[in-house]
>>> print(open('model.pdb').read())   # PDB, C-alpha atoms
MODEL        1
ATOM      1  CA  MET A   1      25.563 -45.434  98.503
ATOM      2  CA  ALA A   2      29.194 -45.234  97.387
ATOM      3  CA  VAL A   3      31.304 -42.277  98.498
ATOM      4  CA  ALA A   4      34.942 -41.299  98.020
ATOM      5  CA  ASP A   5      36.063 -43.219 101.138
ATOM      6  CA  ASP A   6      34.791 -46.463  99.575
ATOM      7  CA  LEU A   7      37.664 -46.377  97.067
ATOM      8  CA  ASP A   8      40.013 -47.886  99.687
ATOM      9  CA  ARG A   9      37.759 -50.745 100.794
ATOM     10  CA  ALA A  10      36.028 -51.674  97.552
ATOM     11  CA  THR A  11      36.332 -55.017  95.784
ATOM     12  CA  ASP A  12      38.350 -54.865  92.571
ATOM     13  CA  SER A  13      37.219 -55.682  89.061
ATOM     14  CA  GLN A  14      37.081 -59.384  88.193
ATOM     15  CA  TRP A  15      39.430 -58.650  85.258
ATOM     16  CA  ASP A  16      42.972 -59.087  86.603
ATOM     17  CA  TRP A  17      44.581 -56.400  84.452
ATOM     18  CA  VAL A  18      41.958 -53.837  85.522
ATOM     19  CA  ALA A  19      42.314 -54.856  89.184
ATOM     20  CA  ASP A  20      46.117 -54.523  88.959
ATOM     21  CA  GLN A  21      45.848 -51.077  87.371
ATOM     22  CA  THR A  22      43.333 -49.966  89.995
ATOM     23  CA  ARG A  23      45.534 -51.103  92.895
ATOM     24  CA  ARG A  24      48.626 -49.379  91.413
ATOM     25  CA  TYR A  25      46.627 -46.202  90.805
ATOM     26  CA  LEU A  26      45.346 -46.023  94.374
ATOM     27  CA  ALA A  27      48.612 -47.132  96.022
ATOM     28  CA  SER A  28      50.481 -44.339  94.209
ATOM     29  CA  GLY A  29      47.978 -41.690  95.241
ATOM     30  CA  GLY A  30      46.912 -41.361  91.617
ATOM     31  CA  THR A  31      50.344 -40.712  90.098
ATOM     32  CA  ASP A  32      50.809 -44.181  88.545
ATOM     33  CA  GLY A  33      48.102 -45.031  86.043
ATOM     34  CA  HIS A  34      46.349 -41.688  85.710
ATOM     35  CA  GLU A  35      47.880 -40.926  82.300
ATOM     36  CA  SER A  36      49.326 -43.142  79.591
ATOM     37  CA  ASN A  37      50.137 -41.816  76.117
ATOM     38  CA  GLY A  38      47.664 -38.964  76.449
ATOM     39  CA  VAL A  39      44.804 -41.171  77.692
ATOM     40  CA  TYR A  40      43.581 -40.453  81.217
ATOM     41  CA  THR A  41      41.890 -42.852  83.629
ATOM     42  CA  LEU A  42      39.960 -42.501  86.850
ATOM     43  CA  VAL A  43      38.913 -44.977  89.516
ATOM     44  CA  LEU A  44      35.178 -45.406  90.012
ATOM     45  CA  ALA A  45      33.571 -46.962  93.101
ATOM     46  CA  THR A  46      29.948 -48.080  92.850
ATOM     47  CA  THR A  47      27.646 -49.918  95.249
ATOM     48  CA  GLY A  48      26.942 -53.528  94.294
ATOM     49  CA  ARG A  49      23.245 -53.662  93.454
ATOM     50  CA  ARG A  50      22.800 -57.142  94.953
ATOM     51  CA  THR A  51      25.422 -57.155  97.722
ATOM     52  CA  GLY A  52      25.415 -53.528  98.818
ATOM     53  CA  GLN A  53      29.221 -53.746  98.908
ATOM     54  CA  PRO A  54      31.488 -51.203  97.195
ATOM     55  CA  ARG A  55      33.068 -52.236  93.867
ATOM     56  CA  ARG A  56      35.790 -50.390  91.955
ATOM     57  CA  THR A  57      37.242 -50.221  88.474
ATOM     58  CA  CYS A  58      39.497 -48.018  86.324
ATOM     59  CA  LEU A  59      37.944 -46.236  83.353
ATOM     60  CA  ILE A  60      39.131 -43.901  80.611
ATOM     61  CA  TYR A  61      37.603 -40.465  81.037
ATOM     62  CA  GLY A  62      37.052 -37.115  79.394
ATOM     63  CA  THR A  63      35.476 -33.962  80.754
ATOM     64  CA  SER A  64      32.460 -31.819  79.954
ATOM     65  CA  GLY A  65      32.340 -28.664  82.034
ATOM     66  CA  ASP A  66      32.710 -29.799  85.653
ATOM     67  CA  ASP A  67      31.567 -33.344  84.820
ATOM     68  CA  PHE A  68      33.755 -36.364  84.152
ATOM     69  CA  VAL A  69      32.661 -38.497  81.206
ATOM     70  CA  VAL A  70      33.060 -42.297  80.993
ATOM     71  CA  VAL A  71      31.917 -44.841  78.416
ATOM     72  CA  ALA A  72      30.096 -48.074  79.365
ATOM     73  CA  SER A  73      31.553 -50.036  76.442
ATOM     74  CA  LYS A  74      32.596 -53.343  78.022
ATOM     75  CA  GLY A  75      34.759 -53.845  74.938
ATOM     76  CA  GLY A  76      31.702 -53.941  72.681
ATOM     77  CA  ALA A  77      29.945 -56.740  74.561
ATOM     78  CA  ASP A  78      26.195 -57.095  74.081
ATOM     79  CA  GLN A  79      25.511 -56.464  77.765
ATOM     80  CA  ASP A  80      26.269 -53.449  79.916
ATOM     81  CA  PRO A  81      29.214 -53.577  82.325
ATOM     82  CA  GLU A  82      28.416 -54.427  85.947
ATOM     83  CA  TRP A  83      29.578 -51.015  87.140
ATOM     84  CA  LEU A  84      26.900 -49.378  84.978
ATOM     85  CA  LYS A  85      24.183 -51.674  86.336
ATOM     86  CA  ASN A  86      25.352 -50.778  89.846
ATOM     87  CA  LEU A  87      25.260 -47.011  89.349
ATOM     88  CA  LEU A  88      21.847 -47.212  87.684
ATOM     89  CA  ALA A  89      20.595 -48.806  90.911
ATOM     90  CA  GLU A  90      22.490 -46.307  93.114
ATOM     91  CA  PRO A  91      23.900 -43.205  91.402
ATOM     92  CA  SER A  92      26.102 -42.037  94.285
ATOM     93  CA  VAL A  93      29.689 -43.009  93.402
ATOM     94  CA  GLY A  94      33.217 -42.489  94.690
ATOM     95  CA  VAL A  95      35.780 -41.188  92.194
ATOM     96  CA  GLN A  96      39.526 -40.657  92.160
ATOM     97  CA  VAL A  97      41.034 -38.581  89.348
ATOM     98  CA  GLY A  98      44.805 -38.388  89.783
ATOM     99  CA  PRO A  99      45.262 -37.392  93.441
ATOM    100  CA  ARG A 100      41.762 -35.872  93.753
ATOM    101  CA  ARG A 101      39.007 -37.865  95.469
ATOM    102  CA  PHE A 102      35.366 -36.944  95.598
ATOM    103  CA  THR A 103      31.818 -38.259  95.780
ATOM    104  CA  ALA A 104      29.795 -37.773  92.597
ATOM    105  CA  ARG A 105      26.336 -38.338  91.206
ATOM    106  CA  ALA A 106      26.248 -40.480  88.064
ATOM    107  CA  ARG A 107      23.735 -40.232  85.270
ATOM    108  CA  ILE A 108      23.372 -41.473  81.705
ATOM    109  CA  ALA A 109      23.822 -38.757  79.081
ATOM    110  CA  SER A 110      20.625 -37.839  77.274
ATOM    111  CA  PRO A 111      20.440 -38.623  73.532
ATOM    112  CA  ALA A 112      21.152 -34.952  72.735
ATOM    113  CA  GLU A 113      24.180 -34.929  75.060
ATOM    114  CA  ARG A 114      25.419 -38.315  73.898
ATOM    115  CA  GLU A 115      26.351 -37.502  70.303
ATOM    116  CA  PRO A 116      28.963 -34.798  70.979
ATOM    117  CA  LEU A 117      30.242 -36.705  74.009
ATOM    118  CA  TRP A 118      30.601 -39.897  71.931
ATOM    119  CA  THR A 119      32.624 -37.988  69.336
ATOM    120  CA  GLN A 120      34.829 -36.542  72.075
ATOM    121  CA  MET A 121      35.399 -39.914  73.758
ATOM    122  CA  ALA A 122      36.089 -41.697  70.452
ATOM    123  CA  ARG A 123      38.762 -39.079  69.736
ATOM    124  CA  ILE A 124      40.331 -39.829  73.121
ATOM    125  CA  PHE A 125      40.119 -43.615  72.637
ATOM    126  CA  PRO A 126      39.438 -44.599  68.998
ATOM    127  CA  LEU A 127      38.720 -48.247  69.865
ATOM    128  CA  TYR A 128      35.298 -47.113  71.108
ATOM    129  CA  GLU A 129      34.224 -46.918  67.450
ATOM    130  CA  GLU A 130      35.224 -50.571  66.949
ATOM    131  CA  TYR A 131      33.401 -51.541  70.137
ATOM    132  CA  ALA A 132      30.244 -49.834  68.862
ATOM    133  CA  GLN A 133      30.429 -51.899  65.650
ATOM    134  CA  LYS A 134      30.597 -55.146  67.663
ATOM    135  CA  THR A 135      27.255 -54.693  69.420
ATOM    136  CA  ASP A 136      23.661 -53.769  68.650
ATOM    137  CA  ARG A 137      23.272 -51.851  71.901
ATOM    138  CA  VAL A 138      23.792 -48.124  72.058
ATOM    139  CA  ILE A 139      26.827 -47.818  74.310
ATOM    140  CA  PRO A 140      25.904 -45.524  77.201
ATOM    141  CA  ILE A 141      27.871 -42.409  78.085
ATOM    142  CA  VAL A 142      27.908 -41.621  81.796
ATOM    143  CA  LEU A 143      28.401 -38.198  83.371
ATOM    144  CA  LEU A 144      29.895 -38.036  86.865
ATOM    145  CA  THR A 145      29.042 -34.760  88.581
ATOM    146  CA  PRO A 146      31.157 -33.968  91.683
ATOM    147  CA  ARG A 147      29.111 -33.076  94.742
TER     148      ARG A 147
ENDMDL
END
>>> encode(input="model.pdb", output="structure tokens")
Amino acid sequence: MAVADDLDRATDSQWDWVADQTRRYLASGGTDGHESNGVYTLVLATTGRRTGQPRRTCLIYGTSGDDFVVVASKGGADQDPEWLKNLLAEPSVGVQVGPRRFTARARIASPAEREPLWTQMARIFPLYEEYAQKTDRVIPIVLLTPR
């Protein structure tokens, strides 16, 4: 079960550029990497579904009420990102948004929730539309609800 404290001890993404961004974000207390050209990112810590060890990655986010919204696009790959597979197995996650850290519960948006959230997230990051064209899977939208 990932919690906010796992952000400091989690293993970074296997993608070097994501790992570098995550380390800069956390080392700066959330001031470096939170916002770039109007696009905001958060750091997400999940529990590895096979290892039980915390894993972390940076993701673009939006908001919906008190929830934070992230997109499981994996650049339009045909398979879901590992972080999504992890939170489906264990929905308790650690999150850092700017300087704020908290534990959240993750869930996949329902089909009715997904459509307006997809539109919102594609406005924030238009490449999501291209990613959706590259794959046959419906790219999941994830809601992170602070506890």
>>> atom_distance(input="model.pdb", atom1="CA of Ala89 in chain A", atom2="CA of Pro111 in chain A")
20.1 Å
>>> residues_around(input="model.pdb", residues="range 1-15 of chain A", least_positions_apart="2", cutoff="6 Å", atoms="all atoms listed in the file", output="number ranges by chain")
A: 17-19, 45-47, 54-57, 92-95, 101-103
>>> resolve_selection(input="model.pdb", expression="the PyMOL selection byres ((chain A and resi 114-119) around 10)", output="PyMOL selection string")
chain A and resi 62-64+69-71+108-113+120-126+128-129+139-143
>>> atom_distance(input="model.pdb", atom1="CA of Glu90 in chain A", atom2="CA of Gln133 in chain A")
29.1 Å
>>> closest_residue(input="model.pdb", among="A:Asp66, A:Arg24, A:Pro81, A:Asn86", to="Gly52 in chain A", atoms="only C-alpha atoms")
A:Asn86
>>> atom_distance(input="model.pdb", atom1="CA of Leu127 in chain A", atom2="CA of Leu84 in chain A")
19.2 Å
>>> axis_aligned_box(input="model.pdb", around="range 116-124 of chain A", padding_each_side="5 Å", output="JSON")
{"center_x": 34.6, "center_y": -38.2, "center_z": 71.7, "size_x": 21.4, "size_y": 16.9, "size_z": 14.7}
>>> residues_around(input="model.pdb", residues="Leu144 in chain A", least_positions_apart="5", cutoff="6 Å", atoms="all atoms listed in the file", output="list in words")
Asp67, Phe68, Ala104, Arg105 and Ala106 of chain A
>>> write_last_selection(input="model.pdb", atoms="C-alpha atoms", output="mmCIF file, in the frame of the given file")
data_model
loop_
_atom_site.group_PDB
_atom_site.id
_atom_site.type_symbol
_atom_site.label_atom_id
_atom_site.label_comp_id
_atom_site.auth_asym_id
_atom_site.auth_seq_id
_atom_site.Cartn_x
_atom_site.Cartn_y
_atom_site.Cartn_z
ATOM 1 C CA ASP A 67 31.567 -33.344 84.820
ATOM 2 C CA PHE A 68 33.755 -36.364 84.152
ATOM 3 C CA ALA A 104 29.795 -37.773 92.597
ATOM 4 C CA ARG A 105 26.336 -38.338 91.206
ATOM 5 C CA ALA A 106 26.248 -40.480 88.064
#
>>> resolve_selection(input="model.pdb", expression="the PyMOL selection byres ((chain A and resi 134) around 12)", output="list in words")
Ser73, Lys74, Gly75, Gly76, Ala77, Asp78, Gln79, Leu127, Tyr128, Glu129, Glu130, Tyr131, Ala132, Gln133, Thr135, Asp136, Arg137, Val138 and Ile139 of chain A
>>> closest_residue(input="model.pdb", among="A:Gly65, A:Gly48, A:Gly98, A:Pro91", to="Asp32 in chain A", atoms="all atoms listed in the file")
A:Gly98
>>> resolve_selection(input="model.pdb", expression="the PyMOL selection byres ((chain A and resi 37-43) around 6)", output="PyMOL selection string")
chain A and resi 34-36+44+57-61+95-97
